[in-house]
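Trainee: Sending over model.txt (compact mmCIF, C-alpha atoms).
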# COMPACT_ATOMS: atom_id res chain seq x y z
CA MET A 1 35.85 12.68 -10.83
CA LYS A 2 32.86 10.99 -12.46
CA LYS A 3 33.37 7.91 -10.29
CA ILE A 4 33.34 10.00 -7.09
CA LEU A 5 30.19 11.80 -8.21
CA ASP A 6 28.56 8.47 -9.05
CA SER A 7 29.45 7.07 -5.61
CA ILE A 8 28.01 10.16 -3.86
CA LEU A 9 24.81 9.88 -5.90
CA ILE A 10 24.50 6.17 -5.04
CA LEU A 11 24.97 6.98 -1.34
CA LEU A 12 22.39 9.79 -1.41
CA PHE A 13 19.88 7.67 -3.29
CA ALA A 14 20.36 4.82 -0.79
CA LEU A 15 19.80 7.28 2.09
CA PHE A 16 16.67 8.65 0.42
CA LEU A 17 15.26 5.17 -0.17
CA THR A 18 15.95 4.08 3.43
CA MET A 19 14.22 7.23 4.73
CA ALA A 20 11.21 6.51 2.52
CA HIS A 21 11.13 2.87 3.66
CA ILE A 22 11.38 3.63 7.38
CA GLY A 23 9.51 6.93 7.51
CA LEU A 24 6.74 6.54 4.95
CA PHE A 25 5.98 3.05 3.71
CA ASN A 26 6.22 1.29 7.08
CA ILE A 27 3.64 3.58 8.67
CA LEU A 28 1.05 3.30 5.91
CA PRO A 29 -2.15 1.40 6.81
CA THR A 30 -1.99 -2.40 6.69
CA PRO A 31 -1.55 -4.19 4.27
CA LEU A 32 -0.01 -1.33 2.24
CA ASN A 33 2.89 -1.24 4.70
CA THR A 34 4.00 -4.69 3.53
CA LEU A 35 5.19 -3.22 0.21
CA ASN A 36 8.97 -3.64 0.09
CA ILE A 37 9.87 -0.38 -1.64
CA THR A 38 13.63 -0.98 -1.47
CA PHE A 39 13.38 -4.31 -3.26
CA LEU A 40 10.97 -2.86 -5.81
CA VAL A 41 13.45 -0.12 -6.74
CA LEU A 42 16.37 -2.57 -6.84
CA ILE A 43 14.48 -4.89 -9.22
CA LEU A 44 13.51 -2.02 -11.53
CA LEU A 45 17.14 -0.88 -11.55
CA ILE A 46 18.32 -4.39 -12.48
CA VAL A 47 15.78 -4.65 -15.31
CA PHE A 48 16.03 -1.13 -16.75
CA ASN A 49 19.61 -0.15 -15.87
CA GLY A 50 21.42 -3.47 -15.69
CA SER A 51 24.65 -2.04 -14.28
CA GLY A 52 26.76 -4.01 -11.80
CA LYS A 53 26.75 -0.97 -9.50
CA ILE A 54 23.31 -2.09 -8.34
CA VAL A 55 24.92 -4.81 -6.21
CA TRP A 56 27.00 -2.16 -4.38
CA PHE A 57 23.97 0.06 -4.12
CA SER A 58 22.13 -2.86 -2.53
CA PHE A 59 25.05 -3.36 -0.12
CA ILE A 60 24.87 0.30 1.06
CA LEU A 61 21.08 0.23 1.26
CA HIS A 62 21.02 -2.90 3.39
CA PHE A 63 23.82 -1.50 5.57
CA PHE A 64 21.47 1.41 6.41
CA MET A 65 18.62 -1.02 7.01
CA ASP A 66 20.80 -2.99 9.40
CA ILE A 67 21.41 0.19 11.45
CA TYR A 68 17.64 0.46 11.98
CA SER A 69 16.95 -3.22 12.49
CA ILE A 70 16.77 -5.09 15.80
CA SER A 71 17.99 -8.29 14.20
CA PRO A 72 21.74 -8.94 14.53
CA PHE A 73 23.90 -6.68 12.36
CA GLY A 74 24.62 -8.35 9.04
CA VAL A 75 21.35 -10.22 8.49
CA TYR A 76 20.07 -7.60 6.03
CA ILE A 77 23.43 -7.01 4.34
CA ILE A 78 23.97 -10.71 3.72
CA SER A 79 20.43 -11.63 2.63
CA GLY A 80 19.84 -8.41 0.67
CA THR A 81 23.17 -8.13 -1.15
CA LEU A 82 23.48 -11.81 -2.01
CA SER A 83 19.92 -12.04 -3.34
CA ILE A 84 20.46 -8.93 -5.50
CA LEU A 85 23.77 -10.35 -6.76
CA PHE A 86 21.98 -13.56 -7.72
CA LEU A 87 19.18 -11.61 -9.41
CA TYR A 88 21.73 -9.55 -11.33
CA TRP A 89 23.34 -12.75 -12.66
CA LEU A 90 19.92 -14.21 -13.39
CA HIS A 91 18.95 -11.16 -15.43
CA LYS A 92 22.27 -11.09 -17.28
CA GLY A 93 22.33 -14.79 -18.10
CA PHE A 94 18.71 -15.94 -18.22
CA PHE A 95 16.03 -13.23 -18.35
CA THR A 96 17.95 -11.06 -20.75
CA ASN A 97 15.14 -8.72 -21.81
CA GLN A 98 12.89 -6.08 -20.25
CA SER A 99 9.58 -7.90 -20.68
CA LEU A 100 6.78 -8.02 -18.14
CA LEU A 101 7.33 -11.73 -17.64
CA SER A 102 10.99 -11.28 -16.73
CA VAL A 103 10.10 -8.47 -14.27
CA PHE A 104 7.49 -10.77 -12.75
CA ALA A 105 9.87 -13.73 -12.52
CA ILE A 106 12.74 -11.64 -11.13
CA THR A 107 10.55 -10.09 -8.42
CA LEU A 108 9.21 -13.49 -7.39
CA THR A 109 12.62 -15.20 -7.38
CA GLY A 110 14.35 -12.25 -5.69
CA LEU A 111 11.91 -11.90 -2.81
CA VAL A 112 11.79 -15.65 -2.23
CA ILE A 113 15.61 -15.89 -2.10
CA PHE A 114 15.84 -12.79 0.11
CA ARG A 115 13.32 -14.11 2.62
CA ILE A 116 14.73 -17.67 2.62
CA LEU A 117 18.20 -16.27 3.40
CA TYR A 118 16.63 -14.00 6.03
CA ILE A 119 14.79 -16.90 7.73
CA VAL A 120 17.89 -19.12 7.64
CA LEU A 121 20.08 -16.40 9.21
CA MET A 122 17.45 -15.44 11.78
CA SER A 123 16.81 -19.04 12.77
CA PHE A 124 20.33 -19.09 14.28
CA VAL A 125 19.42 -16.32 16.72
CA ALA A 126 15.65 -16.45 17.28
CA ASP A 127 12.75 -18.88 17.55
CA ILE A 128 10.75 -18.34 14.41
CA LEU A 129 7.05 -19.06 14.00
CA ILE A 130 7.13 -19.96 10.33
CA TYR A 131 3.33 -19.77 9.85
CA ASN A 132 3.06 -16.12 10.99
CA LEU A 133 6.09 -15.16 8.93
CA PHE A 134 4.69 -16.83 5.82
CA ILE A 135 1.52 -14.74 6.07
CA LYS A 136 3.61 -11.56 6.31
CA PHE A 137 5.87 -12.60 3.44
CA ALA A 138 2.89 -13.57 1.28
CA TRP A 139 1.45 -10.05 1.67
CA GLU A 140 4.88 -8.57 1.01
CA LEU A 141 5.23 -10.67 -2.14
CA LEU A 142 1.77 -9.74 -3.39
CA PHE A 143 2.11 -5.98 -2.86
CA THR A 144 5.71 -5.78 -4.07
CA MET A 145 4.80 -7.66 -7.24
CA LEU A 146 1.79 -5.42 -7.80
CA GLY A 147 3.99 -2.36 -7.17
CA THR A 148 6.66 -3.61 -9.57
CA ILE A 149 4.13 -4.35 -12.32
CA ILE A 150 2.46 -0.92 -11.94
CA SER A 151 5.89 0.77 -11.98
CA TYR A 152 6.82 -1.29 -15.07
CA PHE A 153 3.77 -0.03 -16.96
CA LEU A 154 4.39 3.56 -15.83
CA ILE A 155 8.03 3.43 -16.98
CA THR A 156 7.26 1.82 -20.34
CA THR A 157 4.33 4.20 -20.96
CA PHE A 158 6.14 7.44 -20.19
CA SER A 159 9.61 6.49 -21.41
CA LYS A 160 10.65 6.65 -25.05
CA LYS A 161 13.63 4.39 -24.37
CA PHE A 162 11.70 1.40 -23.03
CA THR A 163 8.69 -0.30 -24.55
CA SER A 164 6.24 -2.65 -22.93
CA SER A 165 6.25 -6.33 -23.96
CA PHE A 166 4.93 -9.49 -22.39
CA LEU A 167 7.62 -11.97 -23.41
CA MET B 1 32.03 -18.92 -14.21
CA VAL B 2 35.41 -18.18 -12.60
CA SER B 3 34.63 -14.46 -12.71
CA LYS B 4 31.28 -15.06 -10.98
CA LYS B 5 33.00 -17.10 -8.29
CA LYS B 6 35.51 -14.29 -7.76
CA THR B 7 32.77 -11.66 -7.54
CA PHE B 8 30.81 -13.77 -5.08
CA ILE B 9 33.86 -14.33 -2.86
CA ALA B 10 34.83 -10.63 -3.05
CA ILE B 11 31.36 -9.51 -1.96
CA LEU B 12 31.24 -12.11 0.80
CA VAL B 13 34.65 -10.96 2.11
CA ILE B 14 33.52 -7.31 2.11
CA ILE B 15 30.31 -8.23 3.95
CA ILE B 16 32.20 -10.22 6.58
CA PHE B 17 34.74 -7.40 6.92
CA THR B 18 31.91 -4.88 7.44
CA ILE B 19 30.31 -7.09 10.09
CA PHE B 20 33.70 -7.44 11.79
CA LEU B 21 34.22 -3.65 11.78
CA HIS B 22 30.72 -3.19 13.22
CA SER B 23 31.30 -5.75 15.98
CA ALA B 24 34.61 -4.10 16.88
CA GLY B 25 32.79 -0.75 17.13
CA TRP B 26 34.97 0.93 14.49
CA LEU B 27 31.97 1.73 12.33
CA LYS B 28 30.22 3.60 15.17
CA PRO B 29 31.14 7.15 13.99
CA ILE B 30 29.97 6.38 10.43
CA GLU B 31 26.79 4.71 11.69
CA ASN B 32 26.07 7.66 14.00
CA GLY B 33 26.57 10.10 11.13
CA PHE B 34 24.24 8.22 8.78
CA SER B 35 21.78 7.61 11.61
CA THR B 36 21.56 11.39 12.25
CA LEU B 37 21.03 12.03 8.53
CA LEU B 38 18.39 9.31 8.32
CA GLN B 39 16.65 10.66 11.41
CA LEU B 40 16.51 14.19 9.97
CA GLY B 41 15.33 12.93 6.60
CA SER B 42 12.73 10.50 7.93
CA LYS B 43 10.69 13.23 9.65
CA PRO B 44 9.18 14.72 6.46
CA PHE B 45 8.37 11.21 5.20
CA THR B 46 6.69 10.36 8.51
CA SER B 47 4.62 13.56 8.25
CA VAL B 48 3.44 12.45 4.80
CA GLY B 49 2.62 8.96 6.13
CA THR B 50 0.76 10.40 9.12
CA PHE B 51 -1.13 12.72 6.74
CA PHE B 52 -2.43 9.70 4.81
CA ASP B 53 -3.19 7.95 8.06
CA SER B 54 -5.14 10.94 9.45
CA ARG B 55 -7.03 11.27 6.15
CA GLU B 56 -8.22 7.74 6.69
CA VAL B 57 -9.52 8.69 10.14
CA GLY B 58 -10.82 11.99 8.74
CA LYS B 59 -13.22 10.14 6.47
CA LEU B 60 -14.73 8.48 9.50
CA ASP B 61 -14.89 11.73 11.47
CA LYS B 62 -17.66 12.94 9.19
CA GLN B 63 -20.03 10.53 10.75
CA THR B 64 -21.33 11.69 14.08
CA LEU B 65 -21.63 8.18 15.36
CA VAL B 66 -17.99 7.35 14.77
CA GLU B 67 -17.01 10.64 16.41
CA SER B 68 -19.00 9.66 19.49
CA VAL B 69 -17.40 6.22 19.59
CA LYS B 70 -13.95 7.80 19.41
CA ASN B 71 -14.76 10.19 22.26
CA LEU B 72 -16.15 7.36 24.32
CA GLU B 73 -13.06 5.23 23.67
CA GLN B 74 -10.87 8.12 24.83
CA GLU B 75 -13.04 8.56 27.90
CA LEU B 76 -12.88 4.83 28.61
CA GLU B 77 -9.09 4.87 28.33
CA ASN B 78 -8.90 7.79 30.77
CA ASN B 79 -11.35 6.12 33.12
CA LEU B 80 -9.38 2.89 33.04
CA VAL B 81 -6.23 4.65 34.17
CA ASP B 82 -8.17 6.57 36.82
CA LYS B 83 -9.88 3.39 37.96
CA THR B 84 -6.53 1.62 38.25
CA ARG B 85 -5.08 4.40 40.34
CA LEU B 86 -8.20 4.53 42.48
CA THR B 87 -8.19 0.78 43.15
CA LEU B 88 -4.53 0.86 44.09
CA LEU B 89 -4.90 3.88 46.30
CA GLU B 90 -7.87 2.32 48.10
CA ASP B 91 -5.80 -0.79 48.79
CA GLU B 92 -2.97 1.31 50.11
CA ASN B 93 -5.37 3.25 52.30
CA THR B 94 -6.79 0.14 53.91
CA GLU B 95 -3.44 -1.47 54.57
CA LEU B 96 -1.52 1.57 55.68
CA LYS B 97 -4.15 3.53 57.59
CA SER B 98 -1.72 5.17 59.92
CA GLN B 99 0.65 6.36 57.28
CA LEU B 100 0.39 10.04 56.55
CA GLU B 101 2.47 9.92 53.48
CA PHE B 102 1.44 8.00 50.46
CA LEU B 103 1.73 8.90 46.90
CA SER B 104 -1.11 9.54 44.55
CA SER B 105 1.05 9.33 41.47
CA GLY B 106 4.56 8.43 40.42
CA GLN B 107 7.35 10.94 39.91
CA TYR B 108 9.69 10.40 37.05
CA THR B 109 12.28 12.13 35.00
CA HIS B 110 11.12 11.74 31.46
CA VAL B 111 11.89 12.78 27.89
CA GLY B 112 9.29 13.37 25.20
CA ALA B 113 9.99 12.05 21.71
CA GLU B 114 8.44 11.91 18.28
CA VAL B 115 8.02 8.64 16.38
CA ILE B 116 10.00 8.94 13.15
CA GLY B 117 9.59 5.46 11.76
CA ARG B 118 8.51 1.91 12.24
CA THR B 119 10.29 -1.41 12.08
CA VAL B 120 12.23 -2.65 9.07
CA ASP B 121 12.07 -6.11 10.53
CA PRO B 122 9.24 -8.57 9.81
CA LEU B 123 10.13 -10.50 12.96
CA GLY B 124 9.93 -7.51 15.27
CA THR B 125 7.50 -4.76 16.17
CA THR B 126 9.55 -1.70 16.87
CA ILE B 127 9.44 2.06 16.39
CA VAL B 128 12.21 4.57 15.84
CA ILE B 129 12.11 7.76 17.96
CA ASP B 130 13.96 11.06 17.51
CA LYS B 131 15.71 11.09 20.92
CA GLY B 132 18.84 9.13 21.77
CA GLU B 133 21.93 8.91 23.97
CA LEU B 134 22.44 12.68 23.91
CA HIS B 135 19.02 13.15 25.53
CA GLY B 136 19.80 10.74 28.36
CA LEU B 137 18.17 7.60 26.96
CA PHE B 138 19.48 4.19 27.89
CA GLN B 139 18.60 0.60 27.06
CA ASN B 140 15.56 -0.75 28.94
CA ASN B 141 14.06 2.70 29.64
CA PRO B 142 10.25 2.26 29.67
CA VAL B 143 8.29 4.09 26.99
CA ILE B 144 4.77 5.33 27.74
CA ILE B 145 1.92 7.31 26.27
CA GLY B 146 -1.04 9.11 27.85
CA LYS B 147 -1.36 8.90 31.60
CA GLY B 148 1.16 6.15 32.11
CA ILE B 149 0.23 3.52 29.54
CA LEU B 150 3.20 1.29 28.78
CA ILE B 151 3.92 0.71 25.10
CA GLY B 152 7.42 -0.78 25.23
CA LYS B 153 11.03 -0.21 26.16
CA VAL B 154 14.18 1.15 24.55
CA VAL B 155 16.30 -1.63 23.02
CA SER B 156 19.06 0.29 21.32
CA THR B 157 20.26 3.86 21.21
CA GLU B 158 22.18 6.01 18.76
CA LYS B 159 23.29 9.58 19.49
CA HIS B 160 20.11 11.21 18.18
CA SER B 161 17.68 8.32 17.87
CA ALA B 162 16.61 5.11 19.56
CA ILE B 163 14.72 1.93 18.74
CA VAL B 164 11.78 1.03 20.97
CA LYS B 165 10.58 -2.55 21.18
CA LEU B 166 6.78 -2.53 21.58
CA ILE B 167 5.01 -4.83 24.05
CA ASN B 168 3.54 -6.88 21.20
CA ASP B 169 7.00 -7.68 19.81
CA ASN B 170 7.86 -11.36 19.74
CA THR B 171 10.85 -10.93 22.07
CA SER B 172 9.25 -8.46 24.49
CA ARG B 173 9.04 -9.62 28.13
CA VAL B 174 7.65 -7.41 30.91
CA GLY B 175 6.98 -8.40 34.52
CA ALA B 176 3.28 -7.70 35.18
CA MET B 177 0.62 -7.85 37.86
CA ILE B 178 -3.14 -8.39 37.53
CA LEU B 179 -5.34 -6.16 39.66
CA ASN B 180 -7.47 -9.06 40.93
CA GLY B 181 -7.98 -10.27 44.48
CA GLU B 182 -4.62 -12.08 44.65
CA LYS B 183 -2.62 -9.46 42.72
CA SER B 184 -1.34 -12.29 40.50
CA ILE B 185 2.02 -11.73 38.93
CA GLY B 186 3.25 -13.07 35.60
CA LEU B 187 5.09 -12.20 32.44
CA VAL B 188 3.56 -10.18 29.60
CA GLU B 189 4.88 -11.38 26.24
CA GLY B 190 4.23 -10.28 22.69
CA GLY B 191 3.57 -12.47 19.67
CA TYR B 192 4.86 -11.22 16.30
CA GLY B 193 2.86 -7.99 16.58
CA LEU B 194 -0.33 -10.01 16.43
CA GLY B 195 -1.22 -10.10 20.11
CA VAL B 196 -0.10 -9.81 23.71
CA HIS B 197 -0.51 -12.43 26.39
CA MET B 198 0.40 -12.88 30.04
CA ASN B 199 2.07 -16.16 31.03
CA PHE B 200 3.08 -17.83 34.29
CA ILE B 201 -0.05 -16.88 36.24
CA PRO B 202 -0.41 -19.46 39.03
CA GLN B 203 -3.20 -21.93 38.24
CA ASN B 204 -5.02 -21.51 41.58
CA GLU B 205 -5.48 -17.73 41.29
CA VAL B 206 -8.74 -16.28 40.01
CA VAL B 207 -8.42 -14.13 36.89
CA SER B 208 -11.46 -12.73 35.09
CA PRO B 209 -11.91 -11.02 31.74
CA GLY B 210 -11.82 -7.26 32.24
CA ASP B 211 -9.16 -7.33 34.99
CA THR B 212 -6.55 -4.62 34.51
CA ILE B 213 -2.90 -5.55 34.05
CA VAL B 214 -0.12 -3.23 35.20
CA THR B 215 3.66 -3.53 35.43
CA SER B 216 4.84 -5.38 38.54
CA GLY B 217 8.07 -3.46 38.96
CA LEU B 218 10.02 -6.73 38.88
CA THR B 219 11.58 -5.99 35.49
CA GLU B 220 14.79 -4.00 35.64
CA GLY B 221 14.24 -0.29 35.09
CA MET B 222 10.47 -0.66 34.89
CA PRO B 223 8.39 1.16 37.55
CA ARG B 224 5.43 -0.53 39.20
CA GLY B 225 1.90 0.40 38.17
CA LEU B 226 2.10 1.37 34.49
CA VAL B 227 -1.07 0.24 32.74
CA ILE B 228 -0.50 -2.45 30.07
CA GLY B 229 -4.02 -3.60 29.19
CA VAL B 230 -7.04 -5.62 30.25
CA VAL B 231 -7.61 -9.36 30.30
CA GLU B 232 -9.67 -10.51 27.34
CA VAL B 233 -9.60 -14.31 27.52
CA ILE B 234 -8.22 -16.81 30.04
CA GLU B 235 -6.57 -19.99 28.78
CA LYS B 236 -6.46 -22.62 31.49
CA GLN B 237 -5.53 -26.30 31.23
CA PRO B 238 -6.04 -28.44 34.38
CA HIS B 239 -2.77 -30.37 33.85
CA GLU B 240 -0.58 -27.28 33.54
CA PRO B 241 0.93 -25.44 36.53
CA PHE B 242 0.23 -22.00 35.06
CA GLN B 243 -2.62 -20.30 33.27
CA GLN B 244 -2.37 -17.79 30.46
CA ALA B 245 -4.33 -14.61 29.73
CA VAL B 246 -4.77 -12.97 26.36
CA LEU B 247 -4.62 -9.18 26.74
CA ASN B 248 -6.15 -6.27 24.98
CA PRO B 249 -3.45 -3.57 25.17
CA THR B 250 -4.77 -0.20 26.36
CA ALA B 251 -2.60 1.66 23.86
CA ASP B 252 -3.26 1.53 20.13
CA LEU B 253 0.20 0.30 19.16
CA SER B 254 -0.30 0.85 15.45
CA HIS B 255 -0.88 4.61 15.70
CA LEU B 256 1.87 6.16 17.77
CA SER B 257 3.16 9.65 17.11
CA VAL B 258 4.41 11.14 20.39
CA VAL B 259 5.76 9.08 23.29
CA SER B 260 7.50 9.67 26.63
CA ILE B 261 10.54 7.80 27.85
CA ILE B 262 11.03 7.39 31.59
CA THR B 263 14.73 7.95 32.15
CA HIS B 264 14.78 7.99 35.93
CA ILE B 265 12.34 6.64 38.50
CA THR B 266 12.12 8.49 41.80
CA ARG B 267 8.93 6.83 42.93
CA ASP B 268 6.57 4.18 41.53
CA VAL B 269 2.94 4.79 40.61
CA ILE B 270 2.07 2.14 43.18
CA PRO B 271 4.58 2.19 46.05
CA TYR B 272 5.65 -1.12 47.56
CA GLU B 273 4.55 -1.78 51.11
CA GLU B 274 7.40 -0.67 53.34
CA ASP B 275 7.42 -3.69 55.60
CA SER B 276 7.27 -6.29 52.80
Show the structure stored in the file as structure tokens.

Mentor:
Amino acid sequence: MKKILDSILILLFALFLTMAHIGLFNILPTPLNTLNITFLVLILLIVFNGSGKIVWFSFILHFFMDIYSISPFGVYIISGTLSILFLYWLHKGFFTNQSLLSVFAITLTGLVIFRILYIVLMSFVADILIYNLFIKFAWELLFTMLGTIISYFLITTFSKKFTSSFL
Amino acid sequence: MVSKKKTFIAILVIIIFTIFLHSAGWLKPIENGFSTLLQLGSKPFTSVGTFFDSREVGKLDKQTLVESVKNLEQELENNLVDKTRLTLLEDENTELKSQLEFLSSGQYTHVGAEVIGRTVDPLGTTIVIDKGELHGLFQNNPVIIGKGILIGKVVSTEKHSAIVKLINDNTSRVGAMILNGEKSIGLVEGGYGLGVHMNFIPQNEVVSPGDTIVTSGLTEGMPRGLVIGVVEVIEKQPHEPFQQAVLNPTADLSHLSVVSIITHITRDVIPYEEDS
């Protein structure tokens, strides 16, 4: 019963996050719209929750994103889920704590892997102007990292369970 | 290590299986269900986003000067469409003096829709609208705003929603015509949401900045005479067979809230000459 309830909650949360990503964050003024809210939440979940369910959550989330994407179906599921799986392993085996530095490193590594996989998959189906994409991804990286760091401080300030540390 | 390998393979298999189910169309009912839910849920979020957006404009509204500029821009946009129609009608009048029947405007069957989201794709410039297959929308239906200003075309449809590829999208291609002396035709293409240009304009034809560009009617499902924009810069190399024009789109593609989709064309804005 608990497992079913958990699955429903994961599904609803994924729906909510996709709605927020499509309906709210993408229509904010530039460059605020470059903030990747889905990745930000996934990274915070990896750092503060650490459960393996996050990989499945990422799978569902990117499935929804693929429905609303004009790129071939599967590009988001593959790049999103595999990069989150890698990040999950990285956090379990390498950055084992909840410090600011590990949040910073995980965000940077995660987004870079996600976008490299995305570019590789898209290069099979479209002509890509790398320079223009790099500018977009640089903004995305900057705002997502800023967002993650702000969220980190908010969580560690208002939560009794987690405390802020640099290393 | 073995466990990691197993997990990786298991996830990869599930992903490939999902893609296979999608390609076979077996996931369509599930996708439609979630798409309807997402569409319903995205509306409140879009309202919040638009609220922030309008607050931004609201700050500027306090200044009388900015208000005047906005009004003038609106007037200019209206005048541009009127001017286009006038130029075309004058041409028609001269060439077909004896004809009693000519049309002053196009007649379409259209559907109005609200924009409920923007692209999730960094490579594309698309919007999501709240009307879909159930409202009679099909792929390649033109999408307009105002008095016939083209903003893009429908690329994919769900039951209750559709994705519209804007004219500044990297993969957008629309047959277009310049309202200059030669009525030069070419192809309007987007560039990663950063700009719009018109290619394949014959080198010997005279194009000037400020010339209006409209749809040529040569693209499938696209009526003739929808305003796209005005020529801003001409790029011409003597050794190349074609010249290129950089456009300034008439529509503000970053602030779209309500659009119309032309689902059936009964007559073009600019009718073709009958004997040609």

Trainee: State, in Å with one decimal place, the distance from atom CA of Leu146 of chain A to atom CA of Thr126 of chain B.

Mentor: 26.1 Å

Trainee: Identify, on the basis of only C-alpha atoms, every residue whose closest approach to segment 42-56 of chain A does not exceed 9 Å; exclude the query and any residue fewer than 3 positions from it along the same chain; express the result as a short mmCIF file (atom, residue, chain, number, x, y, z; two decimals) with C-alpha atoms, in the frame of the given file.

Mentor:
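Below is the file that was written, out25.cif:
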data_model
loop_
_atom_site.label_atom_id
_atom_site.label_comp_id
_atom_site.auth_asym_id
_atom_site.auth_seq_id
_atom_site.Cartn_x
_atom_site.Cartn_y
_atom_site.Cartn_z
CA ILE A 10 24.50 6.17 -5.04
CA ILE A 37 9.87 -0.38 -1.64
CA THR A 38 13.63 -0.98 -1.47
CA PHE A 39 13.38 -4.31 -3.26
CA PHE A 59 25.05 -3.36 -0.12
CA ILE A 60 24.87 0.30 1.06
CA LEU A 61 21.08 0.23 1.26
CA THR A 81 23.17 -8.13 -1.15
CA LEU A 82 23.48 -11.81 -2.01
CA ILE A 84 20.46 -8.93 -5.50
CA LEU A 85 23.77 -10.35 -6.76
CA LEU A 87 19.18 -11.61 -9.41
CA TYR A 88 21.73 -9.55 -11.33
CA HIS A 91 18.95 -11.16 -15.43
CA LYS A 92 22.27 -11.09 -17.28
CA THR A 96 17.95 -11.06 -20.75
CA ASN A 97 15.14 -8.72 -21.81
CA GLN A 98 12.89 -6.08 -20.25
CA SER A 99 9.58 -7.90 -20.68
CA SER A 102 10.99 -11.28 -16.73
CA VAL A 103 10.10 -8.47 -14.27
CA ILE A 106 12.74 -11.64 -11.13
CA THR A 107 10.55 -10.09 -8.42
CA GLY A 110 14.35 -12.25 -5.69
CA THR A 148 6.66 -3.61 -9.57
CA SER A 151 5.89 0.77 -11.98
CA TYR A 152 6.82 -1.29 -15.07
CA PHE A 162 11.70 1.40 -23.03
CA ILE B 11 31.36 -9.51 -1.96
#

Trainee: Between atom CA of Asp130 of chain B and atom CA of Ala113 of chain B, what is the distance, to one decimal in Å?

Mentor: 5.9 Å

Trainee: Identify which of the residues A:Leu9, A:Ile4, A:Leu17, A:Val112 lies closest to chain B, counting all atoms listed in the file when measuring atom-to-atom distances.

Mentor: A:Leu17

Trainee: What does the distance from atom CA of Ile8 of chain A to atom CA of Phe57 of chain A come to in Å, to one decimal?

Mentor: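 Distance reported for this atom pair: 10.9 Å.
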